[in-house]
$ cat my_file.csv   # CSV, C-alpha atoms
chain,number,residue,atom,x,y,z
A,1,MET,CA,0.0,0.0,0.0
A,2,SER,CA,2.9,2.4,0.7
A,3,ARG,CA,4.2,1.9,-2.9
A,4,TYR,CA,0.8,2.8,-4.4
A,5,ALA,CA,0.5,5.8,-2.0
A,6,LEU,CA,3.9,6.9,-3.2
A,7,ARG,CA,2.8,6.6,-6.8
A,8,VAL,CA,-0.4,8.6,-6.3
A,9,ALA,CA,1.6,11.2,-4.4
A,10,SER,CA,4.1,11.6,-7.2
A,11,VAL,CA,1.3,12.2,-9.7
A,12,ALA,CA,-0.5,14.6,-7.4
A,13,ALA,CA,2.8,16.5,-6.9
A,14,ALA,CA,3.4,16.8,-10.6
A,15,LEU,CA,-0.2,18.1,-11.1
A,16,GLY,CA,0.4,20.6,-8.3
A,17,VAL,CA,3.6,21.9,-9.8
A,18,TRP,CA,1.8,22.2,-13.2
A,19,GLN,CA,-1.1,24.2,-11.7
A,20,LEU,CA,1.3,26.4,-9.8
A,21,LEU,CA,3.5,27.3,-12.7
A,22,THR,CA,0.6,27.9,-15.1
A,23,SER,CA,-1.5,29.9,-12.7
A,24,LEU,CA,1.4,32.2,-11.8
A,25,ASN,CA,2.3,32.6,-15.5
A,26,VAL,CA,6.0,31.7,-14.9
A,27,ASP,CA,8.2,32.6,-17.8
A,28,LEU,CA,11.8,32.0,-16.7
A,29,TRP,CA,12.9,30.2,-19.9
A,30,LEU,CA,10.1,27.8,-20.5
A,31,ARG,CA,6.9,29.7,-21.2
A,32,PHE,CA,4.4,28.2,-18.8
A,33,SER,CA,2.1,31.2,-19.4
A,34,GLN,CA,1.1,29.6,-22.7
A,35,PHE,CA,0.0,26.4,-21.0
A,36,PRO,CA,-3.6,25.8,-19.8
A,37,THR,CA,-3.9,25.2,-16.1
A,38,VAL,CA,-4.9,21.8,-14.6
A,39,ALA,CA,-8.3,23.2,-13.8
A,40,ASP,CA,-8.8,24.3,-17.5
A,41,VAL,CA,-7.9,20.8,-18.7
A,42,ALA,CA,-10.2,19.2,-16.2
A,43,ARG,CA,-13.1,21.3,-17.3
A,44,ALA,CA,-12.4,20.6,-20.9
A,45,PHE,CA,-12.1,16.9,-20.1
A,46,ALA,CA,-15.5,16.9,-18.4
A,47,ASP,CA,-17.1,18.7,-21.3
A,48,ARG,CA,-15.6,16.2,-23.8
A,49,MET,CA,-16.7,13.2,-21.8
A,50,ALA,CA,-20.3,14.5,-21.8
A,51,GLY,CA,-20.5,14.4,-25.6
A,52,ASP,CA,-20.6,11.6,-28.1
A,53,ASP,CA,-17.6,12.6,-30.2
A,54,TYR,CA,-15.1,11.8,-27.4
A,55,TRP,CA,-16.3,8.2,-27.1
A,56,THR,CA,-16.5,7.8,-30.9
A,57,ASP,CA,-12.8,8.9,-31.2
A,58,LEU,CA,-11.9,6.6,-28.3
A,59,THR,CA,-13.6,3.6,-29.9
A,60,ASP,CA,-12.0,4.2,-33.3
A,61,SER,CA,-8.5,4.6,-31.9
A,62,LEU,CA,-8.8,1.4,-29.8
A,63,THR,CA,-10.2,-0.6,-32.7
A,64,ARG,CA,-7.3,0.5,-34.9
A,65,ILE,CA,-4.7,-0.2,-32.4
A,66,LEU,CA,-6.0,-3.6,-31.3
A,67,SER,CA,-6.6,-4.7,-34.9
A,68,GLY,CA,-3.1,-3.8,-36.0
A,69,PHE,CA,-1.4,-5.0,-32.8
A,70,LEU,CA,-3.1,-8.4,-32.7
A,71,LEU,CA,-2.3,-9.0,-36.3
A,72,ALA,CA,1.3,-8.0,-35.7
A,73,ALA,CA,1.6,-10.3,-32.7
A,74,VAL,CA,0.5,-13.3,-34.6
A,75,VAL,CA,2.5,-12.6,-37.8
A,76,GLY,CA,5.5,-11.3,-35.9
A,77,VAL,CA,5.8,-14.4,-33.7
A,78,ALA,CA,5.3,-16.8,-36.6
A,79,THR,CA,7.9,-14.9,-38.7
A,80,GLY,CA,10.4,-14.7,-35.9
A,81,VAL,CA,10.2,-18.5,-35.2
A,82,LEU,CA,10.4,-19.3,-38.9
A,83,VAL,CA,13.5,-17.1,-39.5
A,84,ALA,CA,15.2,-18.4,-36.4
A,85,ARG,CA,14.5,-22.1,-37.1
A,86,SER,CA,14.8,-22.3,-40.9
A,87,ARG,CA,17.9,-21.3,-42.8
A,88,PRO,CA,16.1,-21.1,-46.2
A,89,ALA,CA,13.5,-18.8,-44.6
A,90,GLU,CA,16.3,-16.7,-43.1
A,91,ASP,CA,18.0,-16.4,-46.5
A,92,LEU,CA,14.7,-15.6,-48.3
A,93,LEU,CA,13.1,-13.2,-45.8
A,94,GLY,CA,16.0,-11.9,-43.8
A,95,PRO,CA,17.4,-9.4,-46.3
A,96,ILE,CA,13.9,-8.0,-47.1
A,97,LEU,CA,13.1,-7.6,-43.4
A,98,GLU,CA,16.4,-6.0,-42.5
A,99,VAL,CA,16.0,-3.5,-45.3
A,100,VAL,CA,12.4,-2.5,-44.4
A,101,ARG,CA,12.9,-2.6,-40.6
A,102,PRO,CA,14.8,0.8,-40.3
A,103,ILE,CA,12.0,2.6,-42.2
A,104,PRO,CA,9.8,4.5,-39.7
A,105,ALA,CA,6.2,3.2,-39.8
A,106,ILE,CA,4.9,6.7,-40.0
A,107,ALA,CA,6.9,7.2,-43.2
A,108,LEU,CA,4.7,4.6,-44.8
A,109,VAL,CA,1.7,6.9,-44.7
A,110,PRO,CA,2.0,7.8,-48.4
A,111,VAL,CA,2.4,4.1,-49.3
A,112,SER,CA,-0.7,3.2,-47.3
A,113,ILE,CA,-2.7,6.0,-49.0
A,114,LEU,CA,-1.7,4.6,-52.4
A,115,LEU,CA,-2.0,1.0,-51.5
A,116,PHE,CA,-5.3,0.7,-49.6
A,117,PRO,CA,-8.7,1.8,-50.8
A,118,SER,CA,-9.6,3.5,-47.4
A,119,ASN,CA,-7.9,5.5,-44.8
A,120,GLU,CA,-9.1,3.1,-42.1
A,121,GLN,CA,-7.2,0.1,-43.6
A,122,GLY,CA,-4.1,2.3,-44.2
A,123,ILE,CA,-4.0,3.3,-40.5
A,124,VAL,CA,-4.3,-0.4,-39.4
A,125,PHE,CA,-1.5,-1.2,-41.8
A,126,ILE,CA,0.7,1.4,-40.2
A,127,THR,CA,-0.1,0.2,-36.7
A,128,PHE,CA,0.7,-3.4,-37.8
A,129,THR,CA,4.0,-2.4,-39.3
A,130,ALA,CA,5.0,-0.5,-36.2
A,131,ALA,CA,4.4,-3.4,-33.9
A,132,PHE,CA,5.5,-6.2,-36.3
A,133,PHE,CA,9.3,-5.6,-36.2
A,134,PRO,CA,9.8,-5.3,-32.4
A,135,VAL,CA,7.8,-8.6,-32.0
A,136,MET,CA,9.6,-10.3,-34.8
A,137,VAL,CA,13.1,-9.3,-33.7
A,138,SER,CA,12.5,-10.2,-30.1
A,139,THR,CA,11.0,-13.6,-31.0
A,140,ARG,CA,13.9,-14.4,-33.3
A,141,HIS,CA,16.5,-13.6,-30.7
A,142,ALA,CA,14.6,-15.5,-28.0
A,143,VAL,CA,14.3,-18.6,-30.1
A,144,ARG,CA,18.0,-18.5,-31.1
A,145,ALA,CA,19.0,-18.2,-27.4
A,146,LEU,CA,17.3,-21.4,-26.4
A,147,SER,CA,19.5,-24.2,-25.1
A,148,PRO,CA,19.8,-27.0,-27.7
A,149,GLY,CA,19.8,-29.6,-24.8
A,150,TRP,CA,16.0,-29.1,-24.3
A,151,GLU,CA,15.3,-29.9,-28.0
A,152,GLU,CA,17.6,-32.9,-27.8
A,153,ALA,CA,15.8,-34.2,-24.7
A,154,VAL,CA,12.5,-34.1,-26.5
A,155,ARG,CA,13.9,-35.8,-29.6
A,156,THR,CA,15.3,-38.5,-27.3
A,157,MET,CA,11.9,-39.2,-25.9
A,158,GLY,CA,10.4,-39.5,-29.4
A,159,GLY,CA,9.0,-36.0,-29.9
A,160,GLY,CA,8.7,-34.6,-33.4
A,161,ARG,CA,8.9,-31.2,-34.9
A,162,TRP,CA,5.5,-30.0,-33.7
A,163,ARG,CA,6.1,-31.4,-30.2
A,164,ILE,CA,9.4,-29.5,-30.0
A,165,LEU,CA,7.7,-26.3,-31.2
A,166,GLY,CA,4.9,-26.5,-28.6
A,167,SER,CA,6.9,-27.9,-25.7
A,168,VAL,CA,10.2,-26.2,-26.1
A,169,VAL,CA,10.4,-23.3,-28.6
A,170,LEU,CA,7.3,-21.3,-27.8
A,171,PRO,CA,7.4,-21.7,-24.0
A,172,GLY,CA,11.1,-21.0,-23.8
A,173,ALA,CA,10.8,-17.9,-26.0
A,174,LEU,CA,7.8,-16.5,-24.2
A,175,PRO,CA,9.8,-14.0,-22.0
A,176,GLY,CA,11.4,-12.6,-25.1
A,177,ILE,CA,8.2,-12.6,-27.1
A,178,PHE,CA,6.4,-10.5,-24.4
A,179,GLY,CA,9.3,-8.2,-24.3
A,180,GLY,CA,8.8,-7.5,-27.9
A,181,LEU,CA,5.0,-7.2,-27.4
A,182,SER,CA,5.5,-4.5,-24.7
A,183,VAL,CA,7.8,-2.5,-27.0
A,184,GLY,CA,5.4,-3.0,-29.9
A,185,ILE,CA,2.3,-1.8,-28.2
A,186,GLY,CA,4.0,1.5,-27.3
A,187,VAL,CA,5.4,2.1,-30.8
A,188,SER,CA,1.9,1.2,-32.2
A,189,TRP,CA,0.3,4.0,-30.2
A,190,ILE,CA,2.9,6.5,-31.4
A,191,CYS,CA,2.3,5.6,-35.0
A,192,VAL,CA,-1.5,5.3,-34.9
A,193,ILE,CA,-1.8,8.7,-33.4
A,194,SER,CA,0.5,10.2,-36.0
A,195,ALA,CA,-1.4,8.5,-38.8
A,196,GLU,CA,-4.7,9.8,-37.4
A,197,MET,CA,-3.3,13.3,-37.4
A,198,ILE,CA,-2.2,13.0,-41.0
A,199,SER,CA,-4.9,11.0,-42.7
A,200,GLY,CA,-7.6,10.1,-40.2
A,201,GLN,CA,-11.2,11.3,-40.0
A,202,TYR,CA,-11.9,10.2,-36.5
A,203,GLY,CA,-9.8,9.1,-33.5
A,204,VAL,CA,-7.9,10.7,-30.6
A,205,GLY,CA,-5.0,11.8,-32.8
A,206,TYR,CA,-7.3,13.4,-35.3
A,207,ARG,CA,-9.3,15.3,-32.6
A,208,THR,CA,-6.1,16.4,-30.9
A,209,TRP,CA,-4.7,17.9,-34.2
A,210,GLN,CA,-8.0,19.6,-34.9
A,211,ASP,CA,-7.9,21.2,-31.4
A,212,TYR,CA,-4.5,22.5,-32.2
A,213,THR,CA,-5.5,24.0,-35.5
A,214,VAL,CA,-8.3,26.0,-33.8
A,215,VAL,CA,-6.0,27.0,-30.9
A,216,ASP,CA,-8.0,25.0,-28.3
A,217,TYR,CA,-5.0,24.2,-26.0
A,218,PRO,CA,-7.1,22.6,-23.2
A,219,GLY,CA,-8.5,20.3,-25.8
A,220,VAL,CA,-5.0,19.4,-27.0
A,221,PHE,CA,-4.1,18.4,-23.4
A,222,VAL,CA,-7.3,16.4,-23.2
A,223,GLY,CA,-6.1,14.4,-26.2
A,224,MET,CA,-2.6,14.0,-24.7
A,225,VAL,CA,-3.9,12.8,-21.4
A,226,THR,CA,-6.2,10.3,-23.2
A,227,ILE,CA,-3.4,9.0,-25.3
A,228,GLY,CA,-1.2,8.5,-22.2
A,229,VAL,CA,-3.9,6.7,-20.2
A,230,LEU,CA,-4.8,4.4,-23.1
A,231,GLY,CA,-1.1,3.6,-23.7
A,232,TRP,CA,-0.5,2.9,-20.1
A,233,ALA,CA,-3.6,0.7,-19.9
A,234,THR,CA,-2.7,-1.4,-22.9
A,235,SER,CA,0.9,-1.8,-21.9
A,236,THR,CA,-0.1,-2.9,-18.4
A,237,ALA,CA,-2.5,-5.4,-19.9
A,238,VAL,CA,0.3,-6.9,-22.1
A,239,GLU,CA,2.7,-7.0,-19.1
A,240,LEU,CA,0.1,-8.7,-16.8
A,241,LEU,CA,-0.7,-11.3,-19.5
A,242,GLY,CA,3.0,-12.0,-19.9
A,243,ARG,CA,3.4,-12.5,-16.2
A,244,ARG,CA,0.4,-14.8,-16.2
A,245,LEU,CA,1.7,-17.0,-19.0
A,246,THR,CA,5.3,-17.1,-17.6
A,247,ARG,CA,4.4,-17.6,-14.0
A,248,TRP,CA,6.6,-20.8,-14.1
A,249,LEU,CA,9.7,-18.5,-14.3
A,250,PRO,CA,11.7,-17.9,-11.1
A,251,ARG,CA,10.9,-14.5,-9.5
A,252,THR,CA,13.2,-12.5,-7.3
A,253,SER,CA,11.5,-10.7,-4.5
A,254,TYR,CA,13.2,-7.7,-2.8
A,255,VAL,CA,13.3,-6.5,0.7
A,256,PRO,CA,12.8,-2.7,1.3
A,257,ALA,CA,16.6,-2.2,1.7
A,258,GLY,CA,17.1,-3.5,-1.9
A,259,ARG,CA,18.8,-6.8,-1.1
A,260,PRO,CA,17.2,-9.9,-2.7
A,261,ARG,CA,15.3,-12.0,-0.2
A,262,PRO,CA,16.6,-15.6,-0.1
A,263,ARG,CA,14.3,-18.3,-1.5
A,264,HIS,CA,14.1,-21.4,0.7
A,265,LEU,CA,15.1,-24.4,-1.3
A,266,THR,CA,13.4,-27.7,-1.1
A,267,ALA,CA,15.3,-30.9,-0.2
A,268,PRO,CA,15.9,-32.0,-3.8
A,269,GLU,CA,17.0,-28.5,-4.8
A,270,ALA,CA,19.3,-28.2,-1.7
A,271,ALA,CA,20.9,-31.6,-2.5
A,272,SER,CA,21.6,-30.6,-6.1
A,273,SER,CA,22.7,-27.0,-5.4
A,274,PRO,CA,26.4,-26.4,-5.9
A,275,SER,CA,26.5,-23.9,-3.1
A,276,VAL,CA,25.5,-26.5,-0.5
A,277,PRO,CA,28.6,-28.5,0.6
A,278,SER,CA,28.0,-32.3,0.7
A,279,PRO,CA,28.9,-34.2,3.9
A,280,SER,CA,31.9,-35.8,2.2
A,281,ALA,CA,33.2,-32.6,0.9
A,282,SER,CA,33.1,-30.8,4.3
A,283,SER,CA,36.3,-30.5,6.3
A,284,GLY,CA,35.1,-32.3,9.3
A,285,GLY,CA,32.5,-34.6,7.8
A,286,ALA,CA,29.8,-36.1,10.0
A,287,ASP,CA,32.1,-36.0,13.1
A,288,ASP,CA,32.1,-32.2,13.1
A,289,ALA,CA,28.4,-32.2,12.7
A,290,ASP,CA,28.1,-34.4,15.8
A,291,ARG,CA,30.4,-32.2,17.8
A,292,THR,CA,28.8,-28.9,16.9
A,293,GLY,CA,25.2,-30.0,16.9
A,294,PRO,CA,22.5,-29.1,14.4
A,295,GLU,CA,23.2,-25.9,12.4
A,296,PRO,CA,20.8,-23.0,13.2
A,297,GLU,CA,18.1,-22.3,10.6
A,298,GLY,CA,19.4,-18.8,9.7
A,299,THR,CA,22.9,-20.2,9.1
A,300,ARG,CA,21.6,-22.8,6.7
A,301,HIS,CA,19.8,-20.1,4.7
A,302,GLU,CA,22.9,-18.0,4.6
A,303,HIS,CA,24.8,-21.0,3.2
A,304,LEU,CA,22.2,-21.4,0.5
A,305,VAL,CA,22.5,-17.8,-0.5

$ encode --input "my_file.csv" --output "structure tokens"
Amino acid sequence: MSRYALRVASVAAALGVWQLLTSLNVDLWLRFSQFPTVADVARAFADRMAGDDYWTDLTDSLTRILSGFLLAAVVGVATGVLVARSRPAEDLLGPILEVVRPIPAIALVPVSILLFPSNEQGIVFITFTAAFFPVMVSTRHAVRALSPGWEEAVRTMGGGRWRILGSVVLPGALPGIFGGLSVGIGVSWICVISAEMISGQYGVGYRTWQDYTVVDYPGVFVGMVTIGVLGWATSTAVELLGRRLTRWLPRTSYVPAGRPRPRHLTAPEAASSPSVPSPSASSGGADDADRTGPEPEGTRHEHLV
């Protein structure tokens, strides 16, 4: 609870500084006198939420981002696994992907206008392109980093190609895949808002740009806050899903002082741990143990650490 209280306090402090600087028209070097106050933005936000246009823009932006991102997640993971596992696929697709990857997705707006019959499809294409490459690259590196011993173990037990893919490759690459998904969802929001500003008809980005053209600065900040909240919500959803699907991974918990809290090992883990000396390897062997008596619980934990 103290961590959440600290987070809320940091946001409240930032809003308080914003309100103070703008209400006092501070112009030291940065011109805060040009900014709307927090109260102005809050009033504009309430007015927008009372109308239908705000919710229409919100729905359109979410539909575009989810359509492009989900498509990029499926195609990006499939392409990353294919390129990492197949040399012919790497030779055929690798050069094309590496040439196209440095091109910013927002630079493809003219291509999408020429290629697709509607602006809606073009914006989804830009969103897809923005998320595809982070997902594909992360998946490719995660698959290549897998230990070959796992695959050999499955083959030894009679498993085929699909068994290896479902039991070794995809589960083992999940942490890297979700790292790419987290990056991809953030880049997708940047590009979809930019595309809406350039060629959209509805959406949060389109409305924000329209507010700027009519010098409605509180409306501009309403759009910025909306984009930030939507980006935070979708990124958090991806992160929570990743933690749920990779809950089998070891987690390190931290004490308030910052030192990692030791994890108590079970008997089999303790027996196989290299940090726990075996009775035969100890200097005194069993005789020393008999002389000194049982080792205190805290001391055993320190040895494990």

$ atom_distance --input "my_file.csv" --atom1 "CA of Ala145 (chain A)" --atom2 "CA of Gly176 (chain A)"
9.7 Å

$ atom_distance --input "my_file.csv" --atom1 "CA of Gly76 (chain A)" --atom2 "CA of Tyr202 (chain A)"
27.7 Å

$ residues_around --input "my_file.csv" --residues "region 102-107 of chain A" --least-positions-apart "4" --cutoff "8 Å" --atoms "all atoms listed in the file" --output "PDB file with C-alpha atoms, in the frame of the given file"
ATOM      1  CA  GLU A  98      16.400  -6.000 -42.500  1.00  0.00           C
ATOM      2  CA  ILE A 126       0.700   1.400 -40.200  1.00  0.00           C
ATOM      3  CA  THR A 127      -0.100   0.200 -36.700  1.00  0.00           C
ATOM      4  CA  THR A 129       4.000  -2.400 -39.300  1.00  0.00           C
ATOM      5  CA  ALA A 130       5.000  -0.500 -36.200  1.00  0.00           C
ATOM      6  CA  CYS A 191       2.300   5.600 -35.000  1.00  0.00           C
ATOM      7  CA  SER A 194       0.500  10.200 -36.000  1.00  0.00           C
ATOM      8  CA  ALA A 195      -1.400   8.500 -38.800  1.00  0.00           C
TER       9      ALA A 195
END

$ residues_around --input "my_file.csv" --residues "region 244-249 of chain A" --least-positions-apart "5" --cutoff "12 Å" --atoms "all atoms listed in the file" --output "mmCIF file with C-alpha atoms, in the frame of the given file"
data_model
loop_
_atom_site.group_PDB
_atom_site.id
_atom_site.type_symbol
_atom_site.label_atom_id
_atom_site.label_comp_id
_atom_site.auth_asym_id
_atom_site.auth_seq_id
_atom_site.Cartn_x
_atom_site.Cartn_y
_atom_site.Cartn_z
ATOM 1 C CA LEU A 170 7.300 -21.300 -27.800
ATOM 2 C CA PRO A 171 7.400 -21.700 -24.000
ATOM 3 C CA GLY A 172 11.100 -21.000 -23.800
ATOM 4 C CA ALA A 173 10.800 -17.900 -26.000
ATOM 5 C CA LEU A 174 7.800 -16.500 -24.200
ATOM 6 C CA PRO A 175 9.800 -14.000 -22.000
ATOM 7 C CA GLY A 176 11.400 -12.600 -25.100
ATOM 8 C CA ILE A 177 8.200 -12.600 -27.100
ATOM 9 C CA PHE A 178 6.400 -10.500 -24.400
ATOM 10 C CA GLY A 179 9.300 -8.200 -24.300
ATOM 11 C CA ALA A 237 -2.500 -5.400 -19.900
ATOM 12 C CA VAL A 238 0.300 -6.900 -22.100
ATOM 13 C CA GLU A 239 2.700 -7.000 -19.100
#

$ atom_distance --input "my_file.csv" --atom1 "CA of Ser118 (chain A)" --atom2 "CA of Phe69 (chain A)"
18.8 Å

$ residues_around --input "my_file.csv" --residues "Gly68 (chain A)" --least-positions-apart "4" --cutoff "10 Å" --atoms "all atoms listed in the file" --output "count of residues only"
19

$ residues_around --input "my_file.csv" --residues "region 33-38 of chain A" --least-positions-apart "6" --cutoff "10 Å" --atoms "only C-alpha atoms" --output "compact mmCIF listing (two decimals) with C-alpha atoms, keeping the file's coordinate frame"
# COMPACT_ATOMS: atom_id res chain seq x y z
CA LEU A 15 -0.20 18.10 -11.10
CA GLY A 16 0.40 20.60 -8.30
CA VAL A 17 3.60 21.90 -9.80
CA TRP A 18 1.80 22.20 -13.20
CA GLN A 19 -1.10 24.20 -11.70
CA LEU A 20 1.30 26.40 -9.80
CA LEU A 21 3.50 27.30 -12.70
CA THR A 22 0.60 27.90 -15.10
CA SER A 23 -1.50 29.90 -12.70
CA LEU A 24 1.40 32.20 -11.80
CA ASN A 25 2.30 32.60 -15.50
CA VAL A 26 6.00 31.70 -14.90
CA ASP A 27 8.20 32.60 -17.80
CA ALA A 44 -12.40 20.60 -20.90
CA ASP A 216 -8.00 25.00 -28.30
CA TYR A 217 -5.00 24.20 -26.00
CA PRO A 218 -7.10 22.60 -23.20
CA GLY A 219 -8.50 20.30 -25.80
CA VAL A 220 -5.00 19.40 -27.00
CA PHE A 221 -4.10 18.40 -23.40

$ residues_around --input "my_file.csv" --residues "Val204 (chain A)" --least-positions-apart "3" --cutoff "8 Å" --atoms "all atoms listed in the file" --output "number ranges by chain"
A: 54, 57-58, 61, 193, 196, 207-208, 223, 226-227

$ closest_residue --input "my_file.csv" --among "A:Val41, A:Leu6, A:Trp209, A:Ala14" --to "Val225 (chain A)" --atoms "all atoms listed in the file"
A:Val41

$ closest_residue --input "my_file.csv" --among "A:Val81, A:Leu97, A:Ala9, A:Met197" --to "Gly166 (chain A)" --atoms "only C-alpha atoms"
A:Val81

$ closest_residue --input "my_file.csv" --among "A:Met136, A:Ile65, A:Ala78, A:Val215" --to "Val187 (chain A)" --atoms "all atoms listed in the file"
A:Ile65

$ closest_residue --input "my_file.csv" --among "A:Gly203, A:Pro134, A:Gly158, A:Trp189" --to "Trp55 (chain A)" --atoms "only C-alpha atoms"
A:Gly203

$ residues_near_point --input "my_file.csv" --point "(18.4, -10.3, -38.0)" --cutoff "8 Å" --atoms "all atoms listed in the file" --output "CSV table (one decimal) with C-alpha atoms, in the frame of the given file"
chain,number,residue,atom,x,y,z
A,94,GLY,CA,16.0,-11.9,-43.8
A,98,GLU,CA,16.4,-6.0,-42.5
A,137,VAL,CA,13.1,-9.3,-33.7
A,140,ARG,CA,13.9,-14.4,-33.3
